[in-house]
Amino acid sequence: MQARRSSENLQKVPVAVTVVTQKAIDTVGVFDPQNLANFTPGLTVPATISDRANVVYAIRGQSNSYGNQFNAVIPYYDDVPIVSPTGLGHGAFFDLDSVQVLRGPQGTQFGRVTDGGNVMIYPKKPSNSFDGYVEGKVGDYGLRDFTAAINLPIIPDKLMVRAATDISRRDGFTTNLFNGRDLDNVAYESYRFGIVIKPTEHLENYTSIAYEHTHENGTSVELEYLYQPIVGAIANAVAGAGNPIAPLYGIDALGNVVPAAQGVQAFTPANYLAALNAGVTRQLALGPRQVFDTNPLFDNRDNIFVVNTTTADLGVVTVKNIFGFIWTKDVEAQNFSGGNGQLIVPCHSGCPGAFLPFNFQEQFSDEFRLSGKLFDDRVSWSAGAYTDAQKPAGAFENATLSTGFTQRVGVQYTKTWETAGYGNAEIDLRDFVQGLKISGGVRYTVDDNHTQETTYLAPSPAPGLPASVTTIPHGVCVPFGTPPSPCLEATTHYNALTYTGGASYQITPSQMLYAKVSQGYRPGGLNGTAPPGVDPRYQPEYDLSVEIGAKADFDFNGVKLRTNVALFHDNYSKIQQNVVLPTAAGQAPVSAVRNVDDAVIQGVEFEGTLLPFRGMTLNLVYAYTDAAFRHLATDYPLSNGVSPCNPFAFAIAGFCGHNAFGFTPRNKLGLSADYELPLDPAIGVITFGGTWNYQSKVWLITTSNLDPHAVQPAYSTLDLRATWHQIYGHPVDLSFFMTNVTNQLYKAGVDDLEQASSLGDYAAIYAPPRMFGFGLKYRFGSSAGS
């Protein structure tokens, strides 16, 4: 595994890391990033912001709050960090060496600094053998999946290439009764090409290029609750007599706000509130696998990854340079509130008059690293420099419709740069105590940020309104309106010194104890919106983590046991969270990211594998996480005597320190069993298995006190699988998989603004139902007999 940028035995690496193999990935049919949580203690991967593809990686209570420019947990592709989480989808999880999940602060040995951890994806690298495979999968919900790979040593030991593809289709599990389209479907094509050039034994250049195109029907978001006082207040504000343009609009038979016309219901507070409530009643009657949504829904993404790694072994030192380029474009339309009536619809590229992507970014990175060993391998060291830059690849915007007829377009063009230097060393003290090693590392990071941003507001077109009033600029940051709102520019500059230090003791060749302390850091950033006169900047956050662990293998007369356990205690400070900020009298409050409370996060993680007898493999994965804010009174001030913990207050400001940690279940347990039948090898290898996962109550939002519906109660799921490998000696494999066997209904994410200080709506994004399928794989070349 590569947790420390070198090939090492997992059981001898003094860090908390989980490795997920391609074999495990294949057992769930069409793999989704959210499936990683079933294999990894302490990891959750909820869907956010109206789209099941917009996932948040959360480890040990550290995740992402809406509006954060950087995540606490960063995914990597082939050693290159992916700063934008939209650059990682279904189509990344095929033909892999492994996925490695590192828990706790990272950055003193490679890549970008984080305070939560990394999710690292390693595709298969070209090798010196001719081999490959072709695999097809079919199943319910119209599953059709085709995967293939070929490895060619064009010039043995000198020039090797590997090409792979994954093309997948699966019908959606939610029907939109308005137009008959299936939502929550899968449709993508992924292509990957790798080439290794080795002009000499000591010099290697490896290039990996990947392209993923996703074109799906969008996510079903199901409106299930409206807080009547605030929704009623919104209806009075936009449709009441105090709004002179309200008579220019009406409500059609579908419950949408449209230009006034003959046969269209008048746009009054009572009619608008009734239309919204009718949408809730209809959705609750339909249940979780049907919606009636008249809004545009689609999700089209294109991602390109280019990684070039040059490695030179100079004997006493190894030189490595990793260049990365990532390009991502997201053209989508979603519905935050669900239902009709345009309470809040992030229609983005599908909004009337809108045509730009929702996100369009490119990233460049480079890492130069030196490593080596000294004093008869008693000292292992590494030192390097890292830099990256993210910037818009073209025009994009956040276009929405809200409160009936309001057009809102947010333009935020941000450029970020990170530059860092790091060094790390591990010293083997075998001359003093056999098996004892100490290690330490340090990193100095500089982060810069430049943002241009503005928000345009205008009513939707209606008879009687001139085009000059309803036409909004798109994709540019310019003054607009009367009086004109400016295009704001702001910059930030942050730096941090982070470190790690620890010791490990190899009791026996198969048993190790370790302890370490690490300081992590997440850069500050700039908000897209902030009240007038309020600094849009927010500051960095930090995490000081102490971890004690043990990794041990045992053999009890042929009964083999592997146990990995980690205990951790984190002091998490200056936490970045989205809060409500006060504005001028009579104006609606604005949400923005601010540094709020401190917290203590502590727990234990366990991974165990037991081979009780020939053919049987048992696995247990467990995590207990206790996360609580410190309740610093200065971090959640009263606003006009109103507590920010009060969900019924119409105007609040600040952060509620009594919120539960979002995306952080207290208990998470996984049990799996696989049994290989005792058959004649000439028949092949037949294996049956299953995995049961349990998760205690979890909040799918970071504001639990304000949004009480955003909780997923405790639940469990069961997956089953079977494989017949090397059928009668032929290089053919047959597989069966069934996920969510008990058809458990649970939420993958929520859109929740139900508090009285916001829009008063709650909507759910449900996880997939029971699904099953079959796979047939043909292997050729050197893998034909394996």
# chains A, B, ... in the order shown; residues from 1 in each chain; ligands from 1
$ residues_around --residues "range 49-66 of chain A" --least-positions-apart "4" --cutoff "7 Å" --atoms "only C-alpha atoms" --output "PyMOL selection string"
chain A and resi 42-45+71-73+86+89+103+116-117+219+221+334-336+577-578+601+625+627+661+663-664+702+751
$ select_by_dssp --residues "range 141-233 of chain A" --states "alpha helix (DSSP H)" --output "ChimeraX atom specification"
/A:228-233
$ write_last_selection --atoms "all heavy atoms" --output "short mmCIF file (atom, residue, chain, number, x, y, z; two decimals), in the first residue's frame"
data_model
loop_
_atom_site.label_atom_id
_atom_site.label_comp_id
_atom_site.auth_asym_id
_atom_site.auth_seq_id
_atom_site.Cartn_x
_atom_site.Cartn_y
_atom_site.Cartn_z
N GLN A 228 -45.16 25.72 8.63
CA GLN A 228 -46.22 26.60 8.17
C GLN A 228 -46.00 28.07 8.50
O GLN A 228 -46.25 28.93 7.64
CB GLN A 228 -47.56 26.12 8.73
CG GLN A 228 -47.99 24.75 8.23
CD GLN A 228 -48.13 24.70 6.72
OE1 GLN A 228 -48.85 25.51 6.13
NE2 GLN A 228 -47.43 23.76 6.09
N PRO A 229 -45.55 28.44 9.69
CA PRO A 229 -45.40 29.88 9.96
C PRO A 229 -44.45 30.59 9.00
O PRO A 229 -44.77 31.68 8.51
CB PRO A 229 -44.87 29.91 11.40
CG PRO A 229 -45.40 28.66 12.01
CD PRO A 229 -45.35 27.65 10.92
N ILE A 230 -43.30 29.99 8.71
CA ILE A 230 -42.36 30.69 7.84
C ILE A 230 -42.80 30.62 6.38
O ILE A 230 -42.68 31.58 5.62
CB ILE A 230 -40.92 30.16 8.01
CG1 ILE A 230 -39.94 31.01 7.17
CG2 ILE A 230 -40.81 28.70 7.62
CD1 ILE A 230 -39.91 32.47 7.52
N VAL A 231 -43.35 29.48 5.95
CA VAL A 231 -43.83 29.39 4.57
C VAL A 231 -45.00 30.35 4.36
O VAL A 231 -45.12 31.00 3.32
CB VAL A 231 -44.22 27.95 4.21
CG1 VAL A 231 -44.77 27.87 2.79
CG2 VAL A 231 -43.01 27.03 4.34
N GLY A 232 -45.86 30.46 5.38
CA GLY A 232 -46.95 31.43 5.30
C GLY A 232 -46.44 32.86 5.23
O GLY A 232 -46.97 33.69 4.48
N ALA A 233 -45.39 33.15 6.00
CA ALA A 233 -44.81 34.50 5.96
C ALA A 233 -44.20 34.79 4.59
O ALA A 233 -44.32 35.91 4.07
CB ALA A 233 -43.75 34.63 7.05
#
$ residues_around --residues "range 159-173 of chain A" --least-positions-apart "6" --cutoff "9 Å" --atoms "only C-alpha atoms" --output "JSON, numbers by chain"
{"A": [30, 91, 92, 94, 95, 124, 125, 126, 127, 128, 129, 132, 137, 139, 140, 141, 142, 143, 144, 145, 146, 147, 148, 149, 150, 151, 152, 153, 181, 182, 183, 184, 185, 186, 187, 188, 189, 190, 191, 192, 193, 194, 195, 196, 197, 198, 199, 217, 289, 290, 768, 769]}
$ atom_distance --atom1 "CA of Gly339 in chain A" --atom2 "CA of Ala651 in chain A"
26.1 Å
$ closest_residue --among "A:Thr200, A:Ser460, A:Thr508, A:Gln755" --to "Thr406 in chain A" --atoms "only C-alpha atoms"
A:Ser460
$ residues_around --residues "range 259-266 of chain A" --least-positions-apart "3" --cutoff "12 Å" --atoms "only C-alpha atoms" --output "list in words"
Ala239, Gly240, Ile245, Ala246, Pro247, Leu248, Tyr249, Gly250, Ile251, Asp252, Ala253, Leu254, Gly255, Asn256, Pro269, Ala270, Asn271, Tyr272, Ala274, Ala275, Gly404, Phe405, Pro459, Ser460, Pro461, Ala462, Pro463, Gly464 and Leu465 of chain A
$ residues_around --residues "Gly608 in chain A" --least-positions-apart "5" --cutoff "9 Å" --atoms "only C-alpha atoms" --output "list in words"
Leu561, Arg562, Thr563, Asn564, Val565, Leu618, Asn619, Leu620, Val621 and Tyr622 of chain A
$ closest_residue --among "A:Cys351, A:Val15, A:Val331, A:Ala710" --to "Phe396 in chain A" --atoms "only C-alpha atoms"
A:Val331
$ closest_residue --among "A:Gln407, A:Ser504, A:Thr691, A:Asn557" --to "Thr471 in chain A" --atoms "only C-alpha atoms"
A:Gln407
$ closest_residue --among "A:Phe613, A:Val345, A:Leu745, A:Tyr413" --to "Leu401 in chain A" --atoms "only C-alpha atoms"
A:Val345
$ closest_residue --among "A:Ile701, A:Phe780, A:Asn693, A:Lys551" --to "Asn35 in chain A" --atoms "only C-alpha atoms"
A:Asn693
$ closest_residue --among "A:Thr445, A:Thr609, A:Thr328, A:Asn236" --to "Asp553 in chain A" --atoms "only C-alpha atoms"
A:Thr609
$ residues_around --residues "Ala566 in chain A" --least-positions-apart "3" --cutoff "6 Å" --atoms "only C-alpha atoms" --output "PDB file with C-alpha atoms, in the first residue's frame"
ATOM      1  CA  ILE A 548      -2.768   4.992  19.686  1.00  0.00           C
ATOM      2  CA  GLY A 549      -3.052   1.766  17.739  1.00  0.00           C
ATOM      3  CA  VAL A 604     -12.147   3.737  18.599  1.00  0.00           C
ATOM      4  CA  GLU A 605     -11.924   1.947  15.241  1.00  0.00           C
TER       5      GLU A 605
END
$ residues_around --residues "Leu356 in chain A" --least-positions-apart "4" --cutoff "7 Å" --atoms "only C-alpha atoms" --output "CSV table (one decimal) with C-alpha atoms, in the first residue's frame"
chain,number,residue,atom,x,y,z
A,349,SER,CA,-28.3,25.1,-16.5
A,395,ALA,CA,-18.0,30.8,-17.4
A,396,PHE,CA,-20.4,29.2,-15.0
A,397,GLU,CA,-23.0,30.2,-12.4
$ atom_distance --atom1 "CA of Asp366 in chain A" --atom2 "CA of Asn205 in chain A"
14.7 Å
$ select_by_dssp --residues "range 89-298 of chain A" --states "strand (DSSP E or B)" --output "count of residues only"
101
$ atom_distance --atom1 "CA of Val291 in chain A" --atom2 "CA of Gly353 in chain A"
25.3 Å
$ decode --residues "range 670-686 of chain A" --atoms "all heavy atoms" --output "short mmCIF file (atom, residue, chain, number, x, y, z; two decimals), in the first residue's frame"
data_model
loop_
_atom_site.label_atom_id
_atom_site.label_comp_id
_atom_site.auth_asym_id
_atom_site.auth_seq_id
_atom_site.Cartn_x
_atom_site.Cartn_y
_atom_site.Cartn_z
N GLY A 670 -19.88 -3.36 10.70
CA GLY A 670 -20.02 -4.19 9.51
C GLY A 670 -19.52 -5.60 9.78
O GLY A 670 -18.43 -5.78 10.33
N LEU A 671 -20.32 -6.59 9.41
CA LEU A 671 -19.95 -8.00 9.56
C LEU A 671 -20.07 -8.66 8.20
O LEU A 671 -21.07 -8.48 7.49
CB LEU A 671 -20.88 -8.71 10.55
CG LEU A 671 -20.89 -8.20 11.99
CD1 LEU A 671 -22.02 -8.87 12.77
CD2 LEU A 671 -19.55 -8.49 12.65
N SER A 672 -19.06 -9.44 7.81
CA SER A 672 -19.13 -10.15 6.55
C SER A 672 -18.60 -11.56 6.72
O SER A 672 -17.75 -11.83 7.57
CB SER A 672 -18.34 -9.41 5.46
OG SER A 672 -16.96 -9.43 5.73
N ALA A 673 -19.11 -12.45 5.88
CA ALA A 673 -18.68 -13.84 5.88
C ALA A 673 -18.62 -14.34 4.45
O ALA A 673 -19.53 -14.06 3.65
CB ALA A 673 -19.65 -14.70 6.69
N ASP A 674 -17.55 -15.05 4.12
CA ASP A 674 -17.38 -15.66 2.80
C ASP A 674 -16.89 -17.09 2.98
O ASP A 674 -15.96 -17.34 3.76
CB ASP A 674 -16.38 -14.86 1.96
CG ASP A 674 -16.92 -13.50 1.55
OD1 ASP A 674 -17.63 -13.43 0.53
OD2 ASP A 674 -16.65 -12.52 2.26
N TYR A 675 -17.54 -18.00 2.24
CA TYR A 675 -17.17 -19.41 2.36
C TYR A 675 -16.89 -19.99 0.99
O TYR A 675 -17.70 -19.89 0.06
CB TYR A 675 -18.29 -20.21 3.03
CG TYR A 675 -17.96 -21.68 3.17
CD1 TYR A 675 -16.87 -22.10 3.94
CD2 TYR A 675 -18.71 -22.65 2.50
CE1 TYR A 675 -16.55 -23.44 4.05
CE2 TYR A 675 -18.41 -24.00 2.62
CZ TYR A 675 -17.32 -24.38 3.39
OH TYR A 675 -16.99 -25.71 3.51
N GLU A 676 -15.70 -20.60 0.87
CA GLU A 676 -15.30 -21.27 -0.37
C GLU A 676 -15.61 -22.76 -0.25
O GLU A 676 -15.13 -23.43 0.68
CB GLU A 676 -13.81 -21.05 -0.61
CG GLU A 676 -13.29 -21.73 -1.87
CD GLU A 676 -11.79 -21.58 -2.02
OE1 GLU A 676 -11.26 -20.48 -1.69
OE2 GLU A 676 -11.13 -22.56 -2.45
N LEU A 677 -16.42 -23.26 -1.17
CA LEU A 677 -16.82 -24.67 -1.11
C LEU A 677 -15.61 -25.59 -1.32
O LEU A 677 -14.74 -25.30 -2.15
CB LEU A 677 -17.87 -24.96 -2.18
CG LEU A 677 -19.21 -24.23 -2.06
CD1 LEU A 677 -20.13 -24.63 -3.21
CD2 LEU A 677 -19.87 -24.53 -0.72
N PRO A 678 -15.55 -26.71 -0.59
CA PRO A 678 -14.42 -27.66 -0.75
C PRO A 678 -14.63 -28.54 -1.98
O PRO A 678 -15.12 -29.67 -1.89
CB PRO A 678 -14.48 -28.47 0.55
CG PRO A 678 -15.92 -28.43 0.95
CD PRO A 678 -16.46 -27.10 0.50
N LEU A 679 -14.23 -28.03 -3.13
CA LEU A 679 -14.47 -28.72 -4.40
C LEU A 679 -13.14 -29.11 -5.05
O LEU A 679 -12.09 -28.56 -4.75
CB LEU A 679 -15.25 -27.80 -5.35
CG LEU A 679 -16.63 -27.34 -4.89
CD1 LEU A 679 -17.19 -26.34 -5.89
CD2 LEU A 679 -17.57 -28.52 -4.73
N ASP A 680 -13.25 -30.03 -5.97
CA ASP A 680 -12.11 -30.40 -6.81
C ASP A 680 -11.68 -29.16 -7.59
O ASP A 680 -12.50 -28.50 -8.24
CB ASP A 680 -12.54 -31.51 -7.77
CG ASP A 680 -11.38 -32.04 -8.60
OD1 ASP A 680 -10.41 -31.29 -8.83
OD2 ASP A 680 -11.45 -33.21 -9.02
N PRO A 681 -10.39 -28.79 -7.56
CA PRO A 681 -9.93 -27.61 -8.29
C PRO A 681 -10.29 -27.62 -9.76
O PRO A 681 -10.40 -26.56 -10.38
CB PRO A 681 -8.41 -27.65 -8.08
CG PRO A 681 -8.21 -28.41 -6.81
CD PRO A 681 -9.31 -29.44 -6.79
N ALA A 682 -10.51 -28.80 -10.32
CA ALA A 682 -10.88 -28.87 -11.73
C ALA A 682 -12.25 -28.23 -11.97
O ALA A 682 -12.55 -27.80 -13.09
CB ALA A 682 -10.89 -30.32 -12.20
N ILE A 683 -13.09 -28.20 -10.97
CA ILE A 683 -14.42 -27.59 -11.10
C ILE A 683 -14.31 -26.07 -11.08
O ILE A 683 -15.08 -25.36 -11.72
CB ILE A 683 -15.34 -28.09 -9.97
CG1 ILE A 683 -15.53 -29.60 -10.09
CG2 ILE A 683 -16.68 -27.37 -10.01
CD1 ILE A 683 -16.34 -30.20 -8.95
N GLY A 684 -13.35 -25.56 -10.33
CA GLY A 684 -13.22 -24.12 -10.13
C GLY A 684 -13.36 -23.78 -8.67
O GLY A 684 -13.37 -24.66 -7.79
N VAL A 685 -13.48 -22.50 -8.39
CA VAL A 685 -13.61 -22.01 -7.01
C VAL A 685 -14.96 -21.33 -6.87
O VAL A 685 -15.23 -20.32 -7.53
CB VAL A 685 -12.47 -21.03 -6.66
CG1 VAL A 685 -12.64 -20.52 -5.24
CG2 VAL A 685 -11.11 -21.68 -6.85
N ILE A 686 -15.81 -21.89 -6.02
CA ILE A 686 -17.15 -21.34 -5.78
C ILE A 686 -17.19 -20.77 -4.37
O ILE A 686 -16.87 -21.45 -3.39
CB ILE A 686 -18.23 -22.41 -5.96
CG1 ILE A 686 -18.23 -22.93 -7.40
CG2 ILE A 686 -19.61 -21.85 -5.61
CD1 ILE A 686 -19.26 -24.02 -7.66
#
